[in-house]
$ cat coords16.tsv   # TSV, C-alpha atoms and all ligand atoms
chain	number	residue	atom	x	y	z
A	283	MET	CA	-58.02	41.48	-39.10
A	284	LEU	CA	-54.97	43.30	-40.45
A	285	GLU	CA	-52.02	41.22	-41.60
A	286	LEU	CA	-48.89	41.12	-39.45
A	287	ASN	CA	-45.36	42.09	-40.55
A	288	LYS	CA	-46.64	45.17	-42.34
A	289	LEU	CA	-46.55	48.91	-41.85
A	290	TYR	CA	-49.88	50.73	-42.26
A	291	ASN	CA	-50.51	54.38	-43.07
A	292	LEU	CA	-53.44	54.41	-40.63
A	293	ASP	CA	-54.65	55.89	-37.38
A	294	CYS	CA	-53.67	53.24	-34.82
A	295	LEU	CA	-56.77	53.59	-32.64
A	296	PRO	CA	-59.48	52.24	-35.00
A	297	ALA	CA	-56.90	49.69	-36.20
A	298	MET	CA	-56.29	48.36	-32.67
A	299	VAL	CA	-60.04	47.84	-32.16
A	300	GLU	CA	-59.85	45.01	-34.74
A	301	PHE	CA	-57.57	42.89	-32.57
A	302	PRO	CA	-58.66	40.44	-29.83
A	303	ASP	CA	-57.66	40.92	-26.17
A	304	LYS	CA	-53.97	40.32	-25.46
A	305	PHE	CA	-53.26	39.47	-29.10
A	306	PHE	CA	-49.82	41.08	-28.88
A	307	ASP	CA	-47.16	39.96	-26.42
A	308	LEU	CA	-45.68	43.43	-26.32
A	309	ALA	CA	-46.61	46.99	-27.27
A	310	LEU	CA	-43.43	48.99	-27.84
A	311	VAL	CA	-44.70	52.50	-28.54
A	312	ASP	CA	-43.62	56.12	-28.73
A	313	PRO	CA	-46.75	58.32	-29.01
A	314	ASP	CA	-46.79	62.07	-29.53
A	315	TYR	CA	-45.79	63.94	-26.36
A	316	GLY	CA	-47.95	67.01	-27.07
A	317	ILE	CA	-44.99	69.38	-26.80
A	318	GLY	CA	-45.31	71.04	-30.22
A	319	ASN	CA	-42.63	71.71	-32.83
A	320	THR	CA	-39.74	71.82	-30.39
A	321	TRP	CA	-37.28	70.68	-33.05
A	322	ASN	CA	-37.74	74.03	-34.81
A	323	LYS	CA	-35.68	75.64	-32.06
A	324	SER	CA	-32.51	74.46	-33.73
A	325	ARG	CA	-31.64	76.28	-36.94
A	326	LYS	CA	-29.06	73.61	-37.63
A	327	ASP	CA	-31.79	70.99	-37.70
A	328	ARG	CA	-32.75	70.25	-41.28
A	329	PHE	CA	-36.35	69.78	-40.17
A	330	PHE	CA	-36.50	73.54	-39.72
A	331	LYS	CA	-36.58	73.77	-43.51
A	332	MET	CA	-38.67	70.73	-44.21
A	333	ARG	CA	-41.67	71.65	-46.39
A	334	ASP	CA	-43.69	68.48	-46.87
A	335	CYS	CA	-43.78	67.59	-43.20
A	336	THR	CA	-46.93	68.87	-41.52
A	337	TYR	CA	-46.24	67.05	-38.25
A	338	LYS	CA	-47.29	69.13	-35.23
A	339	ASN	CA	-46.96	66.90	-32.13
A	340	ASN	CA	-49.54	69.05	-30.35
A	341	GLU	CA	-51.64	66.40	-28.57
A	342	ILE	CA	-51.06	63.33	-26.44
A	343	PRO	CA	-53.18	60.25	-27.18
A	344	SER	CA	-56.63	59.90	-25.61
A	345	ARG	CA	-57.68	57.73	-22.66
A	346	LYS	CA	-59.34	55.43	-25.23
A	347	TYR	CA	-55.93	54.91	-26.90
A	348	PHE	CA	-54.38	53.70	-23.64
A	349	GLU	CA	-57.41	51.49	-22.88
A	350	GLU	CA	-57.06	49.83	-26.28
A	351	LEU	CA	-53.28	49.52	-25.96
A	352	PHE	CA	-53.62	47.73	-22.60
A	353	ARG	CA	-56.44	45.57	-23.96
A	354	VAL	CA	-54.62	44.30	-27.06
A	355	SER	CA	-51.20	43.72	-25.46
A	356	GLU	CA	-49.86	41.60	-22.61
A	357	ASN	CA	-47.03	44.03	-21.75
A	358	GLN	CA	-46.22	47.57	-22.69
A	359	ILE	CA	-43.15	49.79	-23.04
A	360	ILE	CA	-44.18	53.40	-23.55
A	361	PHE	CA	-41.62	56.04	-24.48
A	362	GLY	CA	-42.43	59.49	-23.16
A	363	GLY	CA	-44.38	57.86	-20.31
A	364	ASN	CA	-43.61	60.96	-18.24
A	365	TYR	CA	-46.07	62.87	-20.48
A	366	PHE	CA	-48.84	60.31	-19.97
A	367	THR	CA	-48.77	59.68	-16.20
A	368	GLU	CA	-52.54	60.29	-15.89
A	369	PHE	CA	-53.02	57.03	-17.82
A	370	LEU	CA	-50.18	54.93	-16.30
A	371	ARG	CA	-49.88	53.27	-12.91
A	372	PRO	CA	-46.96	54.07	-10.63
A	373	THR	CA	-44.05	51.71	-11.13
A	374	ASN	CA	-40.36	51.32	-10.45
A	375	SER	CA	-39.79	49.66	-13.82
A	376	TRP	CA	-38.88	52.63	-15.99
A	377	ILE	CA	-36.14	52.60	-18.61
A	378	ILE	CA	-33.87	55.64	-18.63
A	379	TRP	CA	-32.13	56.32	-21.90
A	380	ASP	CA	-28.98	58.39	-21.36
A	381	LYS	CA	-28.22	60.11	-24.66
A	382	GLU	CA	-24.63	60.79	-23.58
A	383	ARG	CA	-24.93	64.46	-24.46
A	384	ASP	CA	-22.55	67.13	-23.33
A	385	ALA	CA	-24.03	67.30	-19.81
A	386	GLY	CA	-25.29	70.74	-18.81
A	387	LYS	CA	-24.24	72.29	-22.14
A	388	THR	CA	-27.24	71.47	-24.30
A	389	TYR	CA	-30.74	72.94	-24.29
A	390	MET	CA	-32.03	69.46	-25.20
A	391	SER	CA	-32.89	66.74	-22.67
A	392	GLU	CA	-29.99	64.55	-21.65
A	393	VAL	CA	-32.22	61.53	-21.00
A	394	GLU	CA	-35.57	60.13	-22.12
A	395	LEU	CA	-37.87	57.91	-20.10
A	396	ALA	CA	-39.89	54.86	-21.04
A	397	TRP	CA	-42.61	53.49	-18.75
A	398	THR	CA	-42.87	49.69	-18.68
A	399	SER	CA	-45.49	47.25	-17.37
A	400	PHE	CA	-42.77	44.78	-16.35
A	401	LYS	CA	-41.89	43.91	-12.78
A	402	LYS	CA	-38.20	44.62	-13.21
A	403	VAL	CA	-35.76	47.05	-11.68
A	404	MET	CA	-35.20	50.48	-13.18
A	405	ARG	CA	-32.57	50.34	-15.95
A	406	ILE	CA	-30.31	52.88	-17.62
A	407	VAL	CA	-29.16	52.42	-21.18
A	408	HIS	CA	-26.31	54.58	-22.49
A	409	ILE	CA	-26.56	55.19	-26.23
A	410	GLN	CA	-25.17	58.36	-27.72
A	411	TRP	CA	-27.68	60.38	-29.74
A	412	ASP	CA	-27.42	64.04	-30.35
A	413	GLY	CA	-30.54	65.41	-31.99
A	414	ALA	CA	-29.78	66.44	-35.54
A	415	LYS	CA	-26.47	64.59	-35.40
A	416	LYS	CA	-26.44	60.84	-35.51
A	417	GLY	CA	-24.33	59.89	-32.54
A	418	LYS	CA	-22.35	56.74	-33.16
A	419	GLU	CA	-25.04	55.31	-35.41
A	420	THR	CA	-23.33	56.44	-38.59
A	421	GLY	CA	-24.86	56.15	-42.02
A	422	ILE	CA	-28.41	56.61	-40.73
A	423	LYS	CA	-30.34	59.38	-42.41
A	424	LYS	CA	-32.61	61.30	-40.08
A	425	ILE	CA	-36.18	61.31	-41.37
A	426	HIS	CA	-38.07	62.26	-38.21
A	427	PRO	CA	-37.56	64.92	-35.53
A	428	PHE	CA	-38.08	62.32	-32.76
A	429	GLN	CA	-36.13	59.54	-34.43
A	430	LYS	CA	-34.67	57.07	-31.94
A	431	PRO	CA	-31.61	54.94	-32.59
A	432	ILE	CA	-32.03	51.37	-33.81
A	433	LYS	CA	-29.52	50.40	-31.11
A	434	LEU	CA	-31.94	51.58	-28.43
A	435	TYR	CA	-34.74	49.38	-29.78
A	436	LYS	CA	-32.32	46.45	-30.05
A	437	TRP	CA	-31.25	46.95	-26.43
A	438	ILE	CA	-34.90	46.85	-25.34
A	439	LEU	CA	-35.82	43.83	-27.45
A	440	ALA	CA	-32.85	41.85	-26.10
A	441	ARG	CA	-34.04	42.41	-22.52
A	442	TYR	CA	-37.84	42.60	-22.70
A	443	ALA	CA	-38.85	40.45	-25.70
A	444	LYS	CA	-38.32	37.15	-27.51
A	445	PRO	CA	-38.20	36.49	-31.28
A	446	SER	CA	-41.29	34.25	-30.88
A	447	MET	CA	-43.38	37.27	-29.84
A	448	LYS	CA	-45.92	39.43	-31.65
A	449	ILE	CA	-45.11	43.13	-31.16
A	450	ILE	CA	-47.12	46.24	-31.99
A	451	ASP	CA	-45.78	49.77	-32.55
A	452	THR	CA	-48.72	52.19	-32.78
A	453	HIS	CA	-46.60	55.31	-33.56
A	454	VAL	CA	-43.79	54.23	-35.90
A	455	GLY	CA	-42.29	57.65	-36.75
A	456	SER	CA	-38.98	57.01	-38.52
A	457	GLY	CA	-39.28	53.22	-38.39
A	458	SER	CA	-36.26	52.50	-36.17
A	459	SER	CA	-38.50	50.08	-34.26
A	460	ILE	CA	-39.44	48.24	-37.47
A	461	ILE	CA	-35.82	47.79	-38.58
A	462	SER	CA	-35.10	46.33	-35.14
A	463	PHE	CA	-38.13	44.00	-35.35
A	464	LEU	CA	-36.93	42.76	-38.76
A	465	ASP	CA	-33.47	41.98	-37.40
A	466	PHE	CA	-34.89	40.44	-34.21
A	467	GLY	CA	-37.14	38.06	-36.17
A	468	CYS	CA	-40.39	38.67	-34.26
A	469	ASP	CA	-43.84	39.17	-35.79
A	470	TRP	CA	-44.83	42.81	-35.79
A	471	ILE	CA	-47.28	45.42	-36.94
A	472	GLY	CA	-46.73	49.16	-37.25
A	473	PHE	CA	-48.93	52.23	-37.72
A	474	GLU	CA	-47.94	55.70	-38.86
A	475	ILE	CA	-50.67	58.25	-39.54
A	476	ASP	CA	-48.51	60.82	-41.33
A	477	GLU	CA	-48.02	60.03	-45.02
A	478	TYR	CA	-44.68	61.86	-45.21
A	479	PHE	CA	-43.17	59.63	-42.49
A	480	TYR	CA	-44.96	56.52	-43.80
A	481	LYS	CA	-43.28	56.96	-47.19
A	482	GLY	CA	-39.92	57.60	-45.53
A	483	VAL	CA	-40.18	54.47	-43.40
A	484	THR	CA	-41.30	52.37	-46.37
A	485	LYS	CA	-38.12	53.41	-48.19
A	486	ARG	CA	-36.03	52.78	-45.08
A	487	ILE	CA	-37.46	49.24	-44.74
A	488	GLU	CA	-36.85	48.51	-48.45
A	489	ASN	CA	-33.23	49.70	-48.19
A	490	HIS	CA	-32.71	47.62	-45.07
A	491	LYS	CA	-34.08	44.46	-46.73
A	492	LEU	CA	-31.86	45.12	-49.75
A	493	GLN	CA	-28.79	45.44	-47.53
A	494	LEU	CA	-29.68	42.16	-45.82
A	495	ARG	CA	-29.91	40.43	-49.21
A	496	ILE	CA	-26.53	41.81	-50.32
A	497	LYS	CA	-24.76	40.63	-47.13
B	501	LIG	C1	-42.82	60.53	-31.17
B	501	LIG	S1	-43.04	60.09	-32.83
B	501	LIG	C2	-42.35	58.45	-32.91
B	501	LIG	C3	-40.86	58.46	-33.16
B	501	LIG	C4	-40.28	57.07	-33.35
B	501	LIG	N1	-40.14	56.37	-32.12
B	501	LIG	C5	-38.92	57.11	-34.05
B	501	LIG	O1	-37.95	56.49	-33.55
B	501	LIG	O2	-38.82	57.75	-35.09
B	501	LIG	C6	-44.77	59.77	-32.93
B	501	LIG	C7	-45.30	59.44	-34.32
B	501	LIG	O3	-46.66	59.01	-34.19
B	501	LIG	C8	-47.40	59.43	-35.32
B	501	LIG	N2	-48.82	59.43	-34.91
B	501	LIG	C9	-49.49	60.37	-34.21
B	501	LIG	N3	-50.76	59.99	-33.97
B	501	LIG	C10	-50.90	58.76	-34.54
B	501	LIG	C11	-51.98	57.84	-34.64
B	501	LIG	N4	-53.17	58.10	-34.10
B	501	LIG	N5	-51.79	56.67	-35.30
B	501	LIG	C12	-50.59	56.39	-35.87
B	501	LIG	N6	-49.52	57.22	-35.82
B	501	LIG	C13	-49.67	58.39	-35.16
B	501	LIG	C14	-46.83	60.80	-35.63
B	501	LIG	O4	-47.04	61.16	-36.99
B	501	LIG	C15	-45.32	60.59	-35.30
B	501	LIG	O5	-44.61	60.24	-36.45
$ encode --input "coords16.tsv" --output "structure tokens"
Amino acid sequence: MLELNKLYNLDCLPAMVEFPDKFFDLALVDPDYGIGNTWNKSRKDRFFKMRDCTYKNNEIPSRKYFEELFRVSENQIIFGGNYFTEFLRPTNSWIIWDKERDAGKTYMSEVELAWTSFKKVMRIVHIQWDGAKKGKETGIKKIHPFQKPIKLYKWILARYAKPSMKIIDTHVGSGSSIISFLDFGCDWIGFEIDEYFYKGVTKRIENHKLQLRIK
């Protein structure tokens, strides 16, 4: 079985197969939404010029992915759940992330949704995040077109997890989840299939650990 507290440059599906039923307390995931290179719409976005990134975001995960995710984890929080409704049961326990954008004046979504398996009420979290800009989370370099703020992951962990838990992120992207796991103190495992992002996250984790040592 793969070691915990590590990031792997692997396809998450065959990797999940290795784990026993309900091994993880929580799956906190953000799979591809299958909406294509939407970030290319913005000429201001530096990803428009990015050469080494071959990321396409053209397909959503398979039924098998969701079967494995539900098998290996006790509870799940799935960003972009609105793209995967064919695989998710109806629930009132969604999380709505309000990005505090200039309402009505942006071509980008003002909120994002996360489906959860919890029996809780629907919650709204207000954390400013403006695409290519960094919102209030200053000093954070953007390395992924769908990068989410660390603050958002921290908000979720504080309400839906405990430091004693084992947490899996199958689609790590920029690694904001991993930085939050490190600060939270839980056991974790992360998968990122794209080498470009994997290398970026590895650097981000190293820098974060260095900062923690300096403090
Ligand atoms: C929506 S992004 C995640 C963004 C992330 N939440 C963040 O804050 O940066 C999805 C990521 O999943 C990765 N991915 C796609 N299929 C995968 C797979 N089968 N296994 C592991 N990673 C995968 C993509 O390369 C992409 O970086």
$ closest_residue --input "coords16.tsv" --among "A:Pro372, A:Pro302, A:Pro313, A:Gly362" --to "ligand LIG 501 (chain B)" --atoms "only C-alpha atoms and all ligand atoms"
A:Pro313
$ residues_around --input "coords16.tsv" --residues "Ala396 (chain A)" --least-positions-apart "5" --cutoff "9 Å" --atoms "only C-alpha atoms" --output "number ranges by chain"
A: 312, 359-364, 375-379
$ atom_distance --input "coords16.tsv" --atom1 "CA of Glu392 (chain A)" --atom2 "CA of Trp411 (chain A)"
9.4 Å
$ residues_around --input "coords16.tsv" --residues "region 477-481 of chain A" --least-positions-apart "4" --cutoff "12 Å" --atoms "all atoms listed in the file" --output "PDB file with C-alpha atoms, in the coordinates of the input"
ATOM      1  CA  LYS A 288     -46.640  45.170 -42.340  1.00  0.00           C
ATOM      2  CA  LEU A 289     -46.550  48.910 -41.850  1.00  0.00           C
ATOM      3  CA  TYR A 290     -49.880  50.730 -42.260  1.00  0.00           C
ATOM      4  CA  ASN A 291     -50.510  54.380 -43.070  1.00  0.00           C
ATOM      5  CA  LEU A 292     -53.440  54.410 -40.630  1.00  0.00           C
ATOM      6  CA  ASP A 293     -54.650  55.890 -37.380  1.00  0.00           C
ATOM      7  CA  MET A 332     -38.670  70.730 -44.210  1.00  0.00           C
ATOM      8  CA  ARG A 333     -41.670  71.650 -46.390  1.00  0.00           C
ATOM      9  CA  ASP A 334     -43.690  68.480 -46.870  1.00  0.00           C
ATOM     10  CA  CYS A 335     -43.780  67.590 -43.200  1.00  0.00           C
ATOM     11  CA  THR A 336     -46.930  68.870 -41.520  1.00  0.00           C
ATOM     12  CA  TYR A 337     -46.240  67.050 -38.250  1.00  0.00           C
ATOM     13  CA  LYS A 424     -32.610  61.300 -40.080  1.00  0.00           C
ATOM     14  CA  ILE A 425     -36.180  61.310 -41.370  1.00  0.00           C
ATOM     15  CA  HIS A 426     -38.070  62.260 -38.210  1.00  0.00           C
ATOM     16  CA  PRO A 427     -37.560  64.920 -35.530  1.00  0.00           C
ATOM     17  CA  PHE A 428     -38.080  62.320 -32.760  1.00  0.00           C
ATOM     18  CA  GLN A 429     -36.130  59.540 -34.430  1.00  0.00           C
ATOM     19  CA  HIS A 453     -46.600  55.310 -33.560  1.00  0.00           C
ATOM     20  CA  VAL A 454     -43.790  54.230 -35.900  1.00  0.00           C
ATOM     21  CA  GLY A 455     -42.290  57.650 -36.750  1.00  0.00           C
ATOM     22  CA  SER A 456     -38.980  57.010 -38.520  1.00  0.00           C
ATOM     23  CA  GLY A 457     -39.280  53.220 -38.390  1.00  0.00           C
ATOM     24  CA  SER A 458     -36.260  52.500 -36.170  1.00  0.00           C
ATOM     25  CA  ILE A 460     -39.440  48.240 -37.470  1.00  0.00           C
ATOM     26  CA  GLY A 472     -46.730  49.160 -37.250  1.00  0.00           C
ATOM     27  CA  PHE A 473     -48.930  52.230 -37.720  1.00  0.00           C
ATOM     28  CA  LYS A 485     -38.120  53.410 -48.190  1.00  0.00           C
ATOM     29  CA  ARG A 486     -36.030  52.780 -45.080  1.00  0.00           C
ATOM     30  CA  ILE A 487     -37.460  49.240 -44.740  1.00  0.00           C
ATOM     31  CA  GLU A 488     -36.850  48.510 -48.450  1.00  0.00           C
TER      32      GLU A 488
END
$ atom_distance --input "coords16.tsv" --atom1 "CA of Val311 (chain A)" --atom2 "CA of Ala385 (chain A)"
26.9 Å
$ residues_around --input "coords16.tsv" --residues "Lys338 (chain A)" --least-positions-apart "3" --cutoff "12 Å" --atoms "only C-alpha atoms" --output "MDAnalysis selection string"
chainID A and resid 314:322 335 341:342 426:428 476
$ closest_residue --input "coords16.tsv" --among "A:Arg383, A:Lys346, A:Lys448, A:Lys497" --to "ligand LIG 501 (chain B)" --atoms "only C-alpha atoms and all ligand atoms"
A:Lys346
$ closest_residue --input "coords16.tsv" --among "A:Tyr435, A:Phe400, A:Phe369, A:Trp470" --to "ligand LIG 501 (chain B)" --atoms "only C-alpha atoms and all ligand atoms"
A:Tyr435
$ atom_distance --input "coords16.tsv" --atom1 "CA of Asp412 (chain A)" --atom2 "CA of Lys381 (chain A)"
7.0 Å
$ closest_residue --input "coords16.tsv" --among "A:Ile406, A:Ile471, A:Ala443, A:Ile432" --to "ligand LIG 501 (chain B)" --atoms "all atoms listed in the file"
A:Ile432
$ build_atoms --input "coords16.tsv" --residues "region 435-452 of chain A" --atoms "N, CA, C and O atoms" --output "mmCIF file, in the frame of the given file"
data_model
loop_
_atom_site.group_PDB
_atom_site.id
_atom_site.type_symbol
_atom_site.label_atom_id
_atom_site.label_comp_id
_atom_site.auth_asym_id
_atom_site.auth_seq_id
_atom_site.Cartn_x
_atom_site.Cartn_y
_atom_site.Cartn_z
ATOM 1 N N TYR A 435 -33.692 50.398 -29.635
ATOM 2 C CA TYR A 435 -34.740 49.380 -29.780
ATOM 3 C C TYR A 435 -34.139 47.983 -29.610
ATOM 4 O O TYR A 435 -34.748 47.107 -29.001
ATOM 5 N N LYS A 436 -32.953 47.782 -30.156
ATOM 6 C CA LYS A 436 -32.320 46.450 -30.050
ATOM 7 C C LYS A 436 -32.008 46.124 -28.597
ATOM 8 O O LYS A 436 -32.155 44.981 -28.157
ATOM 9 N N TRP A 437 -31.561 47.135 -27.854
ATOM 10 C CA TRP A 437 -31.250 46.950 -26.430
ATOM 11 C C TRP A 437 -32.523 46.506 -25.702
ATOM 12 O O TRP A 437 -32.497 45.581 -24.891
ATOM 13 N N ILE A 438 -33.632 47.162 -25.999
ATOM 14 C CA ILE A 438 -34.900 46.850 -25.340
ATOM 15 C C ILE A 438 -35.371 45.446 -25.718
ATOM 16 O O ILE A 438 -35.739 44.647 -24.848
ATOM 17 N N LEU A 439 -35.338 45.139 -27.000
ATOM 18 C CA LEU A 439 -35.820 43.830 -27.450
ATOM 19 C C LEU A 439 -35.021 42.699 -26.794
ATOM 20 O O LEU A 439 -35.584 41.685 -26.367
ATOM 21 N N ALA A 440 -33.701 42.896 -26.687
ATOM 22 C CA ALA A 440 -32.850 41.850 -26.100
ATOM 23 C C ALA A 440 -33.216 41.577 -24.643
ATOM 24 O O ALA A 440 -33.015 40.456 -24.156
ATOM 25 N N ARG A 441 -33.760 42.571 -23.956
ATOM 26 C CA ARG A 441 -34.040 42.410 -22.520
ATOM 27 C C ARG A 441 -35.509 42.188 -22.175
ATOM 28 O O ARG A 441 -35.825 41.655 -21.117
ATOM 29 N N TYR A 442 -36.420 42.625 -23.048
ATOM 30 C CA TYR A 442 -37.840 42.600 -22.700
ATOM 31 C C TYR A 442 -38.689 41.795 -23.688
ATOM 32 O O TYR A 442 -39.908 41.775 -23.552
ATOM 33 N N ALA A 443 -38.062 41.154 -24.679
ATOM 34 C CA ALA A 443 -38.850 40.450 -25.700
ATOM 35 C C ALA A 443 -38.159 39.166 -26.144
ATOM 36 O O ALA A 443 -37.002 38.924 -25.787
ATOM 37 N N LYS A 444 -38.887 38.370 -26.915
ATOM 38 C CA LYS A 444 -38.320 37.150 -27.510
ATOM 39 C C LYS A 444 -38.704 37.136 -28.991
ATOM 40 O O LYS A 444 -39.775 37.642 -29.347
ATOM 41 N N PRO A 445 -37.864 36.514 -29.840
ATOM 42 C CA PRO A 445 -38.200 36.490 -31.280
ATOM 43 C C PRO A 445 -39.534 35.792 -31.571
ATOM 44 O O PRO A 445 -40.131 36.032 -32.627
ATOM 45 N N SER A 446 -40.014 34.959 -30.653
ATOM 46 C CA SER A 446 -41.290 34.250 -30.880
ATOM 47 C C SER A 446 -42.504 35.165 -30.654
ATOM 48 O O SER A 446 -43.639 34.747 -30.880
ATOM 49 N N MET A 447 -42.260 36.388 -30.227
ATOM 50 C CA MET A 447 -43.380 37.270 -29.840
ATOM 51 C C MET A 447 -44.007 38.020 -31.012
ATOM 52 O O MET A 447 -43.386 38.202 -32.054
ATOM 53 N N LYS A 448 -45.250 38.497 -30.734
ATOM 54 C CA LYS A 448 -45.920 39.430 -31.650
ATOM 55 C C LYS A 448 -45.861 40.815 -30.994
ATOM 56 O O LYS A 448 -46.268 40.981 -29.840
ATOM 57 N N ILE A 449 -45.339 41.799 -31.738
ATOM 58 C CA ILE A 449 -45.110 43.130 -31.160
ATOM 59 C C ILE A 449 -45.808 44.198 -32.000
ATOM 60 O O ILE A 449 -45.754 44.158 -33.236
ATOM 61 N N ILE A 450 -46.438 45.134 -31.301
ATOM 62 C CA ILE A 450 -47.120 46.240 -31.990
ATOM 63 C C ILE A 450 -46.418 47.566 -31.676
ATOM 64 O O ILE A 450 -46.053 47.815 -30.527
ATOM 65 N N ASP A 451 -46.202 48.371 -32.731
ATOM 66 C CA ASP A 451 -45.780 49.770 -32.550
ATOM 67 C C ASP A 451 -46.877 50.638 -33.155
ATOM 68 O O ASP A 451 -47.084 50.613 -34.374
ATOM 69 N N THR A 452 -47.575 51.391 -32.322
ATOM 70 C CA THR A 452 -48.720 52.190 -32.780
ATOM 71 C C THR A 452 -48.295 53.522 -33.395
ATOM 72 O O THR A 452 -49.076 54.164 -34.077
#
